[in-house]
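Here is the file protein_18.cif (mmCIF, C-alpha atoms).
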```cif
data_upload
loop_
_atom_site.label_atom_id
_atom_site.label_comp_id
_atom_site.auth_asym_id
_atom_site.auth_seq_id
_atom_site.Cartn_x
_atom_site.Cartn_y
_atom_site.Cartn_z
CA MET A 23 18.70 -21.90 16.06
CA LEU A 24 20.01 -18.35 15.52
CA VAL A 25 17.74 -15.97 13.60
CA ASN A 26 18.97 -12.56 12.47
CA LYS A 27 15.62 -11.15 11.37
CA PRO A 28 12.13 -11.37 12.90
CA PRO A 29 10.50 -14.63 11.76
CA MET A 30 7.49 -14.40 9.43
CA GLY A 31 4.67 -16.87 8.92
CA TRP A 32 1.14 -17.92 9.82
CA ASN A 33 -0.34 -19.37 13.03
CA SER A 34 -3.68 -21.15 13.34
CA TRP A 35 -4.76 -19.79 16.75
CA ASN A 36 -6.33 -16.40 16.08
CA THR A 37 -8.81 -17.64 13.50
CA PHE A 38 -9.32 -21.32 14.24
CA GLY A 39 -8.41 -21.98 17.89
CA PRO A 40 -8.78 -25.73 18.40
CA ASP A 41 -11.05 -26.10 15.32
CA ILE A 42 -8.21 -27.11 13.04
CA ASN A 43 -7.85 -30.07 10.74
CA GLU A 44 -5.82 -31.50 7.91
CA LYS A 45 -7.90 -29.81 5.20
CA VAL A 46 -7.58 -26.32 6.74
CA ILE A 47 -3.82 -26.64 7.18
CA MET A 48 -3.18 -27.95 3.68
CA GLU A 49 -5.42 -25.30 2.10
CA THR A 50 -3.59 -22.64 4.10
CA ALA A 51 -0.25 -23.94 2.85
CA ASP A 52 -1.59 -23.71 -0.70
CA ALA A 53 -2.79 -20.14 -0.09
CA MET A 54 0.56 -19.06 1.36
CA VAL A 55 2.20 -19.99 -1.94
CA GLU A 56 -0.53 -19.11 -4.45
CA LYS A 57 -1.37 -15.69 -2.96
CA GLY A 58 2.17 -14.43 -2.64
CA TYR A 59 2.79 -14.74 1.10
CA LEU A 60 5.74 -17.10 0.75
CA GLU A 61 7.28 -14.86 -1.91
CA ALA A 62 6.90 -11.92 0.51
CA GLY A 63 8.82 -13.83 3.20
CA TYR A 64 6.14 -15.61 5.25
CA ASN A 65 7.67 -19.07 5.36
CA TYR A 66 6.54 -20.64 8.67
CA LEU A 67 3.18 -22.42 8.96
CA VAL A 68 2.49 -23.11 12.66
CA ILE A 69 -0.28 -25.27 14.14
CA ASP A 70 -1.22 -24.01 17.59
CA ASP A 71 -2.98 -25.72 20.52
CA GLY A 72 -5.70 -28.30 19.86
CA TRP A 73 -4.01 -30.70 17.45
CA GLN A 74 -3.53 -33.36 20.16
CA LEU A 75 -5.66 -36.10 21.66
CA PRO A 76 -6.88 -35.30 25.21
CA GLU A 77 -4.47 -37.89 26.66
CA ARG A 78 -1.16 -39.43 25.67
CA VAL A 79 -1.39 -42.84 24.01
CA LYS A 80 0.94 -45.24 25.84
CA GLY A 81 2.85 -42.20 27.02
CA VAL A 82 3.16 -40.69 23.55
CA LEU A 83 1.81 -37.27 22.51
CA THR A 84 -0.55 -38.10 19.64
CA ALA A 85 -2.33 -36.10 16.95
CA ASP A 86 -6.14 -36.31 16.98
CA PRO A 87 -6.92 -38.85 14.20
CA GLU A 88 -10.27 -37.22 13.44
CA LYS A 89 -8.59 -33.87 12.74
CA PHE A 90 -5.38 -35.25 11.24
CA PRO A 91 -6.10 -38.76 9.91
CA HIS A 92 -2.73 -39.02 8.16
CA GLY A 93 -0.73 -37.76 11.15
CA MET A 94 1.69 -34.89 11.60
CA LYS A 95 4.56 -36.29 9.52
CA TYR A 96 2.21 -36.25 6.53
CA ILE A 97 1.26 -32.63 7.21
CA ALA A 98 4.89 -31.61 7.67
CA ASP A 99 5.85 -33.28 4.39
CA TYR A 100 3.03 -31.47 2.58
CA VAL A 101 4.05 -28.12 4.06
CA HIS A 102 7.68 -28.75 3.10
CA SER A 103 6.64 -29.71 -0.46
CA LYS A 104 5.29 -26.17 -0.82
CA GLY A 105 8.63 -24.64 0.14
CA LEU A 106 7.35 -23.71 3.61
CA LYS A 107 8.58 -24.59 7.10
CA PHE A 108 6.40 -26.45 9.58
CA GLY A 109 5.67 -25.43 13.17
CA ILE A 110 3.89 -27.09 16.10
CA TYR A 111 2.72 -26.13 19.60
CA SER A 112 3.31 -27.60 23.03
CA ALA A 113 3.50 -26.34 26.60
CA ALA A 114 5.93 -26.63 29.49
CA GLY A 115 3.24 -27.67 31.95
CA THR A 116 1.41 -30.90 32.57
CA LEU A 117 -1.35 -29.54 30.32
CA THR A 118 -1.54 -27.02 27.50
CA CYS A 119 -3.66 -23.89 27.87
CA LEU A 120 -6.64 -25.75 26.35
CA GLY A 121 -6.13 -28.74 28.65
CA PHE A 122 -4.39 -31.11 26.24
CA PRO A 123 -1.27 -33.01 27.34
CA GLY A 124 1.77 -30.80 27.89
CA SER A 125 5.44 -31.73 27.65
CA PHE A 126 6.31 -31.56 31.36
CA GLY A 127 8.54 -34.56 32.10
CA TYR A 128 8.49 -35.61 28.44
CA GLU A 129 10.70 -32.87 26.97
CA TYR A 130 13.33 -35.09 25.36
CA GLN A 131 10.81 -37.62 24.13
CA ASP A 132 8.59 -34.95 22.60
CA ALA A 133 11.51 -33.07 21.05
CA GLU A 134 12.74 -36.24 19.38
CA MET A 135 9.25 -36.91 18.03
CA PHE A 136 8.88 -33.34 16.72
CA ALA A 137 12.24 -33.67 14.96
CA SER A 138 11.21 -37.00 13.42
CA TRP A 139 8.09 -35.34 11.99
CA GLY A 140 10.17 -32.60 10.41
CA VAL A 141 9.20 -29.76 12.72
CA ASP A 142 11.05 -26.48 12.06
CA TYR A 143 9.41 -24.27 14.73
CA LEU A 144 8.16 -24.95 18.25
CA LYS A 145 5.85 -22.54 20.04
CA TYR A 146 6.22 -23.43 23.72
CA ASP A 147 3.61 -22.15 26.18
CA ILE A 148 3.58 -22.35 29.99
CA CYS A 149 0.09 -23.14 31.23
CA HIS A 150 -0.36 -25.64 34.13
CA TYR A 151 3.30 -25.57 35.15
CA PRO A 152 3.99 -26.70 38.74
CA GLY A 153 4.29 -23.57 40.88
CA SER A 154 7.18 -24.89 42.94
CA LEU A 155 9.43 -24.98 39.86
CA GLY A 156 10.88 -22.05 37.94
CA ALA A 157 9.94 -21.13 34.38
CA LYS A 158 13.58 -20.76 33.43
CA SER A 159 14.20 -24.45 34.12
CA ALA A 160 11.15 -25.45 32.11
CA TYR A 161 12.34 -23.58 29.04
CA LEU A 162 15.94 -24.66 29.50
CA ASN A 163 14.87 -28.33 29.58
CA MET A 164 13.07 -28.05 26.25
CA GLY A 165 15.81 -25.89 24.77
CA MET A 166 18.39 -28.55 25.52
CA ALA A 167 16.04 -31.29 24.33
CA LEU A 168 15.61 -29.55 20.97
CA ARG A 169 19.38 -29.22 20.60
CA SER A 170 19.84 -32.91 21.40
CA THR A 171 17.85 -33.77 18.24
CA LYS A 172 20.48 -31.99 16.12
CA ARG A 173 17.71 -30.55 13.94
CA ASP A 174 17.40 -26.79 13.40
CA ILE A 175 14.14 -25.96 15.20
CA LEU A 176 13.26 -22.33 15.86
CA TYR A 177 12.36 -22.14 19.55
CA SER A 178 9.60 -19.66 20.43
CA GLY A 179 9.28 -19.16 24.19
CA CYS A 180 5.73 -18.10 24.99
CA THR A 181 5.69 -16.96 28.63
CA VAL A 182 2.76 -14.60 27.88
CA GLY A 183 4.46 -11.51 29.24
CA GLY A 184 5.57 -12.67 32.69
CA ARG A 185 8.76 -13.98 34.29
CA ASP A 186 11.18 -11.45 32.70
CA PRO A 187 11.97 -13.66 29.68
CA HIS A 188 14.18 -10.96 28.12
CA LEU A 189 16.75 -11.65 30.84
CA TRP A 190 17.27 -15.32 30.02
CA MET A 191 15.45 -16.58 26.89
CA ARG A 192 18.34 -15.94 24.52
CA SER A 193 20.81 -17.68 26.81
CA ILE A 194 18.76 -20.90 26.90
CA GLY A 195 18.50 -21.13 23.12
CA ALA A 196 15.20 -19.43 22.31
CA SER A 197 14.86 -17.21 19.24
CA LEU A 198 11.67 -15.46 20.42
CA PHE A 199 10.18 -14.48 23.77
CA ARG A 200 6.61 -13.38 24.37
CA SER A 201 6.50 -10.07 26.19
CA THR A 202 2.73 -9.54 26.27
CA GLY A 203 -0.58 -11.19 27.01
CA ASP A 204 -2.69 -12.59 24.18
CA ILE A 205 -3.86 -10.25 21.45
CA ASN A 206 -7.46 -10.06 20.25
CA ASP A 207 -9.00 -8.47 17.19
CA SER A 208 -9.68 -5.00 18.57
CA PHE A 209 -7.75 -1.75 18.37
CA GLU A 210 -7.82 -1.52 22.17
CA SER A 211 -5.81 -4.75 22.36
CA ILE A 212 -3.35 -3.57 19.71
CA LYS A 213 -2.93 -0.22 21.46
CA ASN A 214 -2.43 -1.78 24.88
CA ILE A 215 0.30 -4.07 23.56
CA ALA A 216 2.06 -1.18 21.83
CA LEU A 217 1.89 1.02 24.94
CA SER A 218 3.22 -1.79 27.11
CA GLN A 219 6.25 -2.27 24.86
CA TYR A 220 7.43 1.02 23.38
CA LYS A 221 9.83 1.57 26.30
CA GLU A 222 10.97 -2.06 26.22
CA LEU A 223 12.10 -2.32 22.62
CA TYR A 224 15.77 -2.24 23.59
CA ARG A 225 15.25 -5.84 24.66
CA THR A 226 14.79 -7.08 21.10
CA GLY A 227 17.41 -7.79 18.48
CA ALA A 228 19.16 -10.30 16.28
CA GLY A 229 19.30 -13.71 17.92
CA CYS A 230 16.23 -13.31 20.12
CA PHE A 231 13.24 -11.15 19.20
CA ASN A 232 10.55 -9.58 21.36
CA ASP A 233 7.30 -11.29 20.30
CA LEU A 234 4.25 -8.98 20.54
CA ASP A 235 1.91 -11.86 19.59
CA MET A 236 0.26 -12.60 16.28
CA LEU A 237 -1.24 -10.21 13.74
CA THR A 238 -5.01 -9.80 13.55
CA VAL A 239 -4.92 -8.04 10.16
CA GLY A 240 -7.87 -9.06 8.01
CA MET A 241 -9.91 -10.85 10.68
CA PHE A 242 -12.63 -8.16 10.87
CA GLY A 243 -14.05 -9.64 14.08
CA LYS A 244 -14.27 -13.23 12.85
CA GLY A 245 -12.57 -16.25 14.35
CA ASN A 246 -11.32 -17.52 17.68
CA THR A 247 -9.95 -14.18 18.94
CA GLY A 248 -12.39 -11.93 17.10
CA ASN A 249 -13.53 -9.15 19.41
CA GLY A 250 -15.45 -6.65 17.33
CA GLY A 251 -12.70 -6.38 14.77
CA CYS A 252 -10.85 -3.37 13.36
CA THR A 253 -11.20 -1.08 10.39
CA TYR A 254 -8.75 -1.33 7.51
CA GLU A 255 -7.00 1.85 8.69
CA GLU A 256 -6.59 0.34 12.16
CA TYR A 257 -5.03 -2.74 10.57
CA VAL A 258 -2.58 -0.47 8.73
CA THR A 259 -1.58 1.00 12.10
CA HIS A 260 -1.32 -2.46 13.64
CA PHE A 261 0.90 -3.81 10.87
CA ALA A 262 3.04 -0.67 10.73
CA LEU A 263 3.61 -0.85 14.50
CA TRP A 264 4.78 -4.46 14.36
CA CYS A 265 7.06 -3.65 11.40
CA VAL A 266 8.60 -0.57 13.02
CA PHE A 267 8.94 -2.30 16.40
CA GLY A 268 10.82 -5.17 14.75
CA ALA A 269 8.36 -7.80 15.98
CA PRO A 270 7.90 -11.27 14.48
CA LEU A 271 5.17 -11.20 11.83
CA MET A 272 2.89 -14.20 12.32
CA ILE A 273 -0.39 -13.73 10.44
CA GLY A 274 -3.47 -14.87 12.34
CA GLY A 275 -6.20 -14.31 9.74
CA ASP A 276 -7.64 -16.87 7.35
CA LEU A 277 -5.30 -16.67 4.36
CA ARG A 278 -7.69 -18.66 2.18
CA ASN A 279 -10.25 -15.84 2.34
CA MET A 280 -8.15 -12.77 3.14
CA ASP A 281 -9.53 -9.39 2.08
CA GLU A 282 -7.51 -8.22 -0.94
CA LYS A 283 -6.57 -4.86 0.58
CA CYS A 284 -5.35 -6.65 3.69
CA ARG A 285 -3.39 -9.14 1.59
CA GLU A 286 -1.69 -6.21 -0.16
CA LEU A 287 -0.96 -4.63 3.23
CA LEU A 288 0.59 -7.82 4.62
CA THR A 289 2.80 -8.13 1.54
CA ASN A 290 3.73 -4.41 1.32
CA LYS A 291 7.39 -4.49 0.35
CA GLU A 292 8.32 -1.18 1.95
CA LEU A 293 6.82 -2.01 5.34
CA LEU A 294 8.30 -5.50 5.26
CA ARG A 295 11.69 -4.02 4.37
CA ILE A 296 11.57 -2.02 7.61
CA ASN A 297 10.80 -5.13 9.64
CA GLN A 298 13.33 -7.33 7.87
CA ASP A 299 16.23 -4.88 7.73
CA GLU A 300 19.52 -6.70 8.17
CA GLU A 301 20.67 -4.45 11.04
CA ALA A 302 17.55 -5.36 13.09
CA ARG A 303 17.72 -2.16 15.15
CA ASN A 304 14.93 -1.21 17.51
CA PRO A 305 13.29 2.19 16.93
CA TYR A 306 14.31 5.22 18.97
CA TYR A 307 11.70 7.08 21.02
CA ASP A 308 12.52 10.07 23.22
CA ALA A 309 10.05 9.87 26.09
CA ASN A 310 11.49 13.11 27.49
CA ALA A 311 10.93 15.06 24.30
CA ARG A 312 8.56 18.02 24.51
CA TYR A 313 4.93 16.97 23.99
CA ALA A 314 5.72 13.24 24.33
CA ARG A 315 2.42 11.56 25.15
CA GLU A 316 1.14 8.01 25.15
CA THR A 317 -1.75 9.08 22.93
CA ARG A 318 0.65 10.17 20.17
CA MET A 319 4.14 8.93 19.40
CA GLY A 320 6.90 9.61 16.93
CA PHE A 321 9.74 7.15 16.35
CA LEU A 322 12.99 7.22 14.42
CA LYS A 323 14.28 3.92 13.07
CA LEU A 324 17.69 3.46 11.47
CA LEU A 325 18.01 0.98 8.62
CA SER A 326 21.01 -0.36 6.75
CA ASN A 327 22.51 1.70 3.90
CA ASN A 328 22.10 4.82 6.07
CA GLU A 329 18.33 4.88 5.55
CA ILE A 330 16.06 6.58 8.08
CA ILE A 331 12.39 5.93 8.88
CA LEU A 332 10.13 8.37 10.73
CA ALA A 333 6.97 6.78 12.15
CA TYR A 334 4.00 8.67 13.63
CA PHE A 335 1.12 7.06 15.53
CA ASN A 336 -2.08 8.50 17.00
CA PHE A 337 -3.69 6.19 19.57
CA HIS A 338 -6.45 8.62 20.56
CA ASP A 339 -9.93 7.18 20.12
CA GLU A 340 -11.61 10.32 18.81
CA GLU A 341 -9.30 13.28 18.16
CA GLU A 342 -7.09 14.06 15.20
CA LEU A 343 -3.79 15.04 16.78
CA MET A 344 -0.56 16.65 15.73
CA VAL A 345 2.21 14.14 16.42
CA PRO A 346 5.37 16.12 17.28
CA LEU A 347 8.77 15.02 16.08
CA TYR A 348 11.49 17.64 16.47
CA PHE A 349 14.66 16.69 14.64
CA THR A 350 16.89 18.06 17.44
CA ASP A 351 15.44 15.42 19.79
CA TYR A 352 16.49 12.75 17.30
CA GLY A 353 20.11 13.74 16.67
CA ILE A 354 19.65 16.25 13.85
CA PRO A 355 20.03 19.73 15.43
CA THR A 356 19.30 22.91 13.53
CA SER A 357 23.01 23.79 13.66
CA SER A 358 23.79 20.77 11.47
CA GLY A 359 22.26 22.49 8.45
CA MET A 360 20.71 19.16 7.53
CA GLY A 361 17.17 18.68 6.32
CA LEU A 362 15.20 15.52 5.66
CA ASP A 363 13.58 14.79 2.31
CA LEU A 364 10.40 12.91 3.23
CA THR A 365 8.30 10.39 1.28
CA ASP A 366 5.23 8.55 2.62
CA ILE A 367 5.97 4.87 2.00
CA ILE A 368 2.31 3.80 2.33
CA THR A 369 0.75 6.33 -0.06
CA GLY A 370 3.86 7.12 -2.12
CA GLU A 371 3.33 10.86 -1.58
CA HIS A 372 6.51 12.97 -1.76
CA ILE A 373 6.20 15.41 1.14
CA GLY A 374 9.40 17.31 0.41
CA ILE A 375 12.33 18.68 2.41
CA LYS A 376 11.76 19.61 6.05
CA HIS A 377 14.15 21.32 8.45
CA ASP A 378 14.01 21.32 12.26
CA PHE A 379 10.73 19.41 12.56
CA TYR A 380 7.87 17.65 10.86
CA CYS A 381 4.73 17.35 12.98
CA PRO A 382 1.81 16.08 10.86
CA LYS A 383 -1.79 15.79 11.98
CA ILE A 384 -2.81 12.15 12.24
CA LYS A 385 -6.36 10.84 12.34
CA PRO A 386 -7.49 8.71 15.34
CA HIS A 387 -6.06 5.17 15.31
CA SER A 388 -3.95 6.04 12.26
CA CYS A 389 -0.30 6.42 11.37
CA LYS A 390 2.17 7.90 8.89
CA ILE A 391 5.37 6.07 7.96
CA LEU A 392 7.99 8.12 6.12
CA LYS A 393 11.27 7.43 4.41
CA ALA A 394 13.72 10.23 5.20
CA GLU A 395 16.87 11.12 3.27
CA PHE A 396 19.52 13.58 4.45
CA THR A 397 19.87 16.73 2.35
CA LYS A 398 21.45 20.18 2.72
CA GLU A 399 19.23 21.65 0.05
CA TRP A 400 16.37 23.99 0.86
CA GLN A 401 13.08 23.33 -0.85
#
```
Would you write the structure of this file as structure tokens?
Amino acid sequence: MLVNKPPMGWNSWNTFGPDINEKVIMETADAMVEKGYLEAGYNYLVIDDGWQLPERVKGVLTADPEKFPHGMKYIADYVHSKGLKFGIYSAAGTLTCLGFPGSFGYEYQDAEMFASWGVDYLKYDICHYPGSLGAKSAYLNMGMALRSTKRDILYSGCTVGGRDPHLWMRSIGASLFRSTGDINDSFESIKNIALSQYKELYRTGAGCFNDLDMLTVGMFGKGNTGNGGCTYEEYVTHFALWCVFGAPLMIGGDLRNMDEKCRELLTNKELLRINQDEEARNPYYDANARYARETRMGFLKLLSNNEIILAYFNFHDEEELMVPLYFTDYGIPTSSGMGLDLTDIITGEHIGIKHDFYCPKIKPHSCKILKAEFTKEWQ
């Protein structure tokens, strides 16, 4: 399945882990519609690891009847009735990461079953895969199996950061590849993922997107991957990073009880417009620019209709820092006579026309995301 924009949706793992059931999933589907997430573009609802019985039943991968008494086809139909798309989890190994049955040796059988349920999205992990075999073959087998069903199923290859998936995931039919380890609900985790990927963003683009793992916005330390939690301002930075980096946006918080400010953040039209821009360009960062540091970063991102975004991030734990961004380093030399008319898209503040540079001071763990318009006028 070819996707031209980063997929958006919700995944059960961050909040619920294996403690999922029919009621939680159906209530989440309701919340996605009633609270405006579907309208904002979040259309995939994905059940992660832990939905299965501990062993196959007569060789068949089977949903746990205590958690899902009506089975997965029933859940898929309910999700579809809400205008959403339904996703499921499996793994390329003999076992999943939680120790449930994997799809190794059963790829075509499992793919056919997923298609019969009405699955629209497969997250495919790689725990417990035989070491003598290559990961590429494992993902190719499932990729071909999914195609054999003739159903459009978005294929999310979750290699958890190893095995150079950017070199081959697109060619074997995947629409996403995981480039990082698992996220947890702490700013340290968010920062580490961002710092591991800012030089690798050229790998992402229409057809196959670099997956930085799920969002922790609104968890506040609760749930399966809660790890002290973040402040609201840190969640703003987290969400802005994923939007500017062009990453898939899979919410991991409990949508039924999401903090209202966080709900408004996750449905912010201007930030989502950056992520979902039809040109799907990665942001530009000049690592050789004067004052470039991993504690503070400035990015330029080009959107369709000749729009420009300037994004500033301060990763320092304690200090307010000036984040340098000199226009000459980003293709707008002083000799051009061009200035940029800047507006903060989060606060709505009109900053005005700047020439040559704009280097704001940013609080620790915070950001500033600006819309920039070319102008020859002086303020």
With a distance cut-off of 8 Å and only C-alpha atoms, select the neighbouring residues of segment 114-126 of chain A, excluding the residue or stretch itself and same-chain residues fewer than 4 positions from it, and output the selection as a ChimeraX atom specification.
/A:71-72,74-78,83,132,146-152,160-161,164
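Proximity to Pro40 of chain A was assessed for A:Asn246, A:Leu106, A:Lys213, A:Asn206 counting only C-alpha atoms; the smallest distance is recorded for A:Asn246.
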Give me the residues near segment 46-57 of chain A as an MDAnalysis selection string, where near means some atom within 10 Å (using all atoms listed in the file) and where sequence neighbours in that chain fewer than 2 positions away do not count.
chainID A and resid 31:34 38 41:44 59:69 89:90 97:98 100:108 276:280 282 285:286 289
Selection in question (the file shown): the PyMOL selection byres ((chain A and resi 197) around 8). Which residues does it include, as a ChimeraX atom specification?
/A:23-25,176-179,191-192,195-196,198-199,229-231
Using the file's own x, y and z axes, what box holds all listed atoms of segment 333-338 of chain A with 8 Å on each side, keeping edges along x, y and z, and what are its centre and edge lengths in Å to one decimal, as lines of an AutoDock Vina configuration file?
```
center_x = 0.3
center_y = 7.4
center_z = 16.4
size_x = 29.4
size_y = 18.5
size_z = 24.4
```
Could you give me, as a PyMOL selection string, the residues within 10 Å of Leu294 of chain A, counting all atoms listed in the file and dropping anything in the same chain fewer than 5 positions from it?
chain A and resi 30+62-63+261-262+264-266+268+271+287-289+299
Evaluate the PyMOL selection byres ((chain A and resi 181) around 6) against this structure - the residues, as a PyMOL selection string, please.
chain A and resi 148+180+182-184+200
One decimal, Å: what's the distance from atom CA of Val141 of chain A over to atom CA of Ile175 of chain A, could you say?
6.7 Å
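Taking atom CA of Pro187 of chain A and atom CA of Gly203 of chain A as endpoints, the distance between them is 13.1 Å.
Comparing the minimum interatomic distances between Met272 of chain A and each of A:Ala309, A:Leu234, A:Ala228, A:Ala137, counting only C-alpha atoms, we find that A:Leu234 sits nearest.
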Please build the interface table for segment 192-226 of chain A against segment 379-397 of chain A with a cut-off of 12 Å, listing for each qualifying residue the nearest atom pair and the distance in Å to one decimal; count all atoms listed in the file, order rows by chain and increasing number, and write it as JSON lines.
```
{"residue": "A:Ser208", "atom": "CA", "partner": "A:His387", "partner_atom": "CA", "distance": 11.3}
{"residue": "A:Phe209", "atom": "CA", "partner": "A:His387", "partner_atom": "CA", "distance": 7.8}
{"residue": "A:Glu210", "atom": "CA", "partner": "A:His387", "partner_atom": "CA", "distance": 9.7}
{"residue": "A:Ile212", "atom": "CA", "partner": "A:His387", "partner_atom": "CA", "distance": 10.2}
{"residue": "A:Lys213", "atom": "CA", "partner": "A:His387", "partner_atom": "CA", "distance": 8.8}
```
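This file, filtered with the PyMOL selection byres ((chain A and resi 372) around 12), gives the residues A:Leu362, A:Asp363, A:Leu364, A:Thr365, A:Asp366, A:Ile367, A:Ile368, A:Thr369, A:Gly370, A:Glu371, A:Ile373, A:Gly374, A:Ile375, A:Lys376, A:Ile391, A:Leu392, A:Lys393, A:Ala394, A:Glu395.
The interatomic distance for the pair atom CA of Gly81 of chain A and atom CA of Ala167 of chain A works out to 17.3 Å.
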For Thr259 of chain A, the closest of A:Thr202, A:Asn290, A:Asn336, A:Ser218 counting all atoms listed in the file is A:Asn336
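If you measure from each of A:Asn26, A:Ser357, A:Thr317, A:Asn297 to Leu217 of chain A using all atoms listed in the file, the closest one turns out to be A:Thr317.
When all atoms listed in the file are used to measure the gap to Asn310 of chain A, the shortest distance among A:Ala333, A:Thr37, A:Tyr352, A:Leu293 belongs to A:Tyr352.
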For segment 23-42 of chain A of the structure just presented, write N, CA and C atoms to a file, as an mmCIF file, in the first residue's frame.
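Result file is part37.cif:
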```cif
data_model
loop_
_atom_site.group_PDB
_atom_site.id
_atom_site.type_symbol
_atom_site.label_atom_id
_atom_site.label_comp_id
_atom_site.auth_asym_id
_atom_site.auth_seq_id
_atom_site.Cartn_x
_atom_site.Cartn_y
_atom_site.Cartn_z
ATOM 1 N N MET A 23 0.850 -1.190 0.000
ATOM 2 C CA MET A 23 0.000 0.000 0.000
ATOM 3 C C MET A 23 0.889 1.246 0.000
ATOM 4 N N LEU A 24 0.687 2.150 -0.948
ATOM 5 C CA LEU A 24 1.495 3.361 -1.047
ATOM 6 C C LEU A 24 0.831 4.485 -0.260
ATOM 7 N N VAL A 25 1.575 5.108 0.635
ATOM 8 C CA VAL A 25 1.063 6.251 1.390
ATOM 9 C C VAL A 25 1.914 7.470 1.062
ATOM 10 N N ASN A 26 1.273 8.594 0.815
ATOM 11 C CA ASN A 26 1.979 9.804 0.418
ATOM 12 C C ASN A 26 2.176 10.789 1.553
ATOM 13 N N LYS A 27 1.527 10.531 2.687
ATOM 14 C CA LYS A 27 1.671 11.373 3.864
ATOM 15 C C LYS A 27 1.867 10.482 5.083
ATOM 16 N N PRO A 28 2.514 10.978 6.141
ATOM 17 C CA PRO A 28 2.705 10.147 7.333
ATOM 18 C C PRO A 28 1.360 9.691 7.897
ATOM 19 N N PRO A 29 1.182 8.405 8.142
ATOM 20 C CA PRO A 29 -0.076 7.919 8.713
ATOM 21 C C PRO A 29 -0.335 8.508 10.094
ATOM 22 N N MET A 30 -1.609 8.632 10.433
ATOM 23 C CA MET A 30 -2.045 9.169 11.725
ATOM 24 C C MET A 30 -3.042 8.206 12.356
ATOM 25 N N GLY A 31 -2.968 8.067 13.682
ATOM 26 C CA GLY A 31 -3.913 7.193 14.354
ATOM 27 C C GLY A 31 -3.616 7.054 15.825
ATOM 28 N N TRP A 32 -4.030 5.917 16.367
ATOM 29 C CA TRP A 32 -3.860 5.602 17.792
ATOM 30 C C TRP A 32 -3.390 4.161 17.926
ATOM 31 N N ASN A 33 -2.502 3.919 18.884
ATOM 32 C CA ASN A 33 -1.995 2.569 19.163
ATOM 33 C C ASN A 33 -2.134 2.290 20.649
ATOM 34 N N SER A 34 -2.483 1.068 20.983
ATOM 35 C CA SER A 34 -2.820 0.701 22.366
ATOM 36 C C SER A 34 -1.614 0.534 23.291
ATOM 37 N N TRP A 35 -0.393 0.410 22.750
ATOM 38 C CA TRP A 35 0.744 -0.057 23.545
ATOM 39 C C TRP A 35 1.150 0.881 24.674
ATOM 40 N N ASN A 36 1.344 2.166 24.371
ATOM 41 C CA ASN A 36 1.925 3.057 25.368
ATOM 42 C C ASN A 36 1.125 3.103 26.655
ATOM 43 N N THR A 37 -0.187 3.145 26.551
ATOM 44 C CA THR A 37 -1.017 3.240 27.747
ATOM 45 C C THR A 37 -1.379 1.873 28.314
ATOM 46 N N PHE A 38 -1.775 0.951 27.474
ATOM 47 C CA PHE A 38 -2.383 -0.280 27.974
ATOM 48 C C PHE A 38 -1.468 -1.503 27.946
ATOM 49 N N GLY A 39 -0.426 -1.526 27.129
ATOM 50 C CA GLY A 39 0.381 -2.739 27.028
ATOM 51 C C GLY A 39 -0.533 -3.912 26.695
ATOM 52 N N PRO A 40 -0.364 -5.039 27.395
ATOM 53 C CA PRO A 40 -1.217 -6.194 27.116
ATOM 54 C C PRO A 40 -2.591 -6.124 27.788
ATOM 55 N N ASP A 41 -2.829 -5.099 28.605
ATOM 56 C CA ASP A 41 -4.099 -4.994 29.342
ATOM 57 C C ASP A 41 -5.168 -4.326 28.482
ATOM 58 N N ILE A 42 -5.468 -4.956 27.374
ATOM 59 C CA ILE A 42 -6.449 -4.442 26.435
ATOM 60 C C ILE A 42 -7.642 -5.383 26.393
#
```
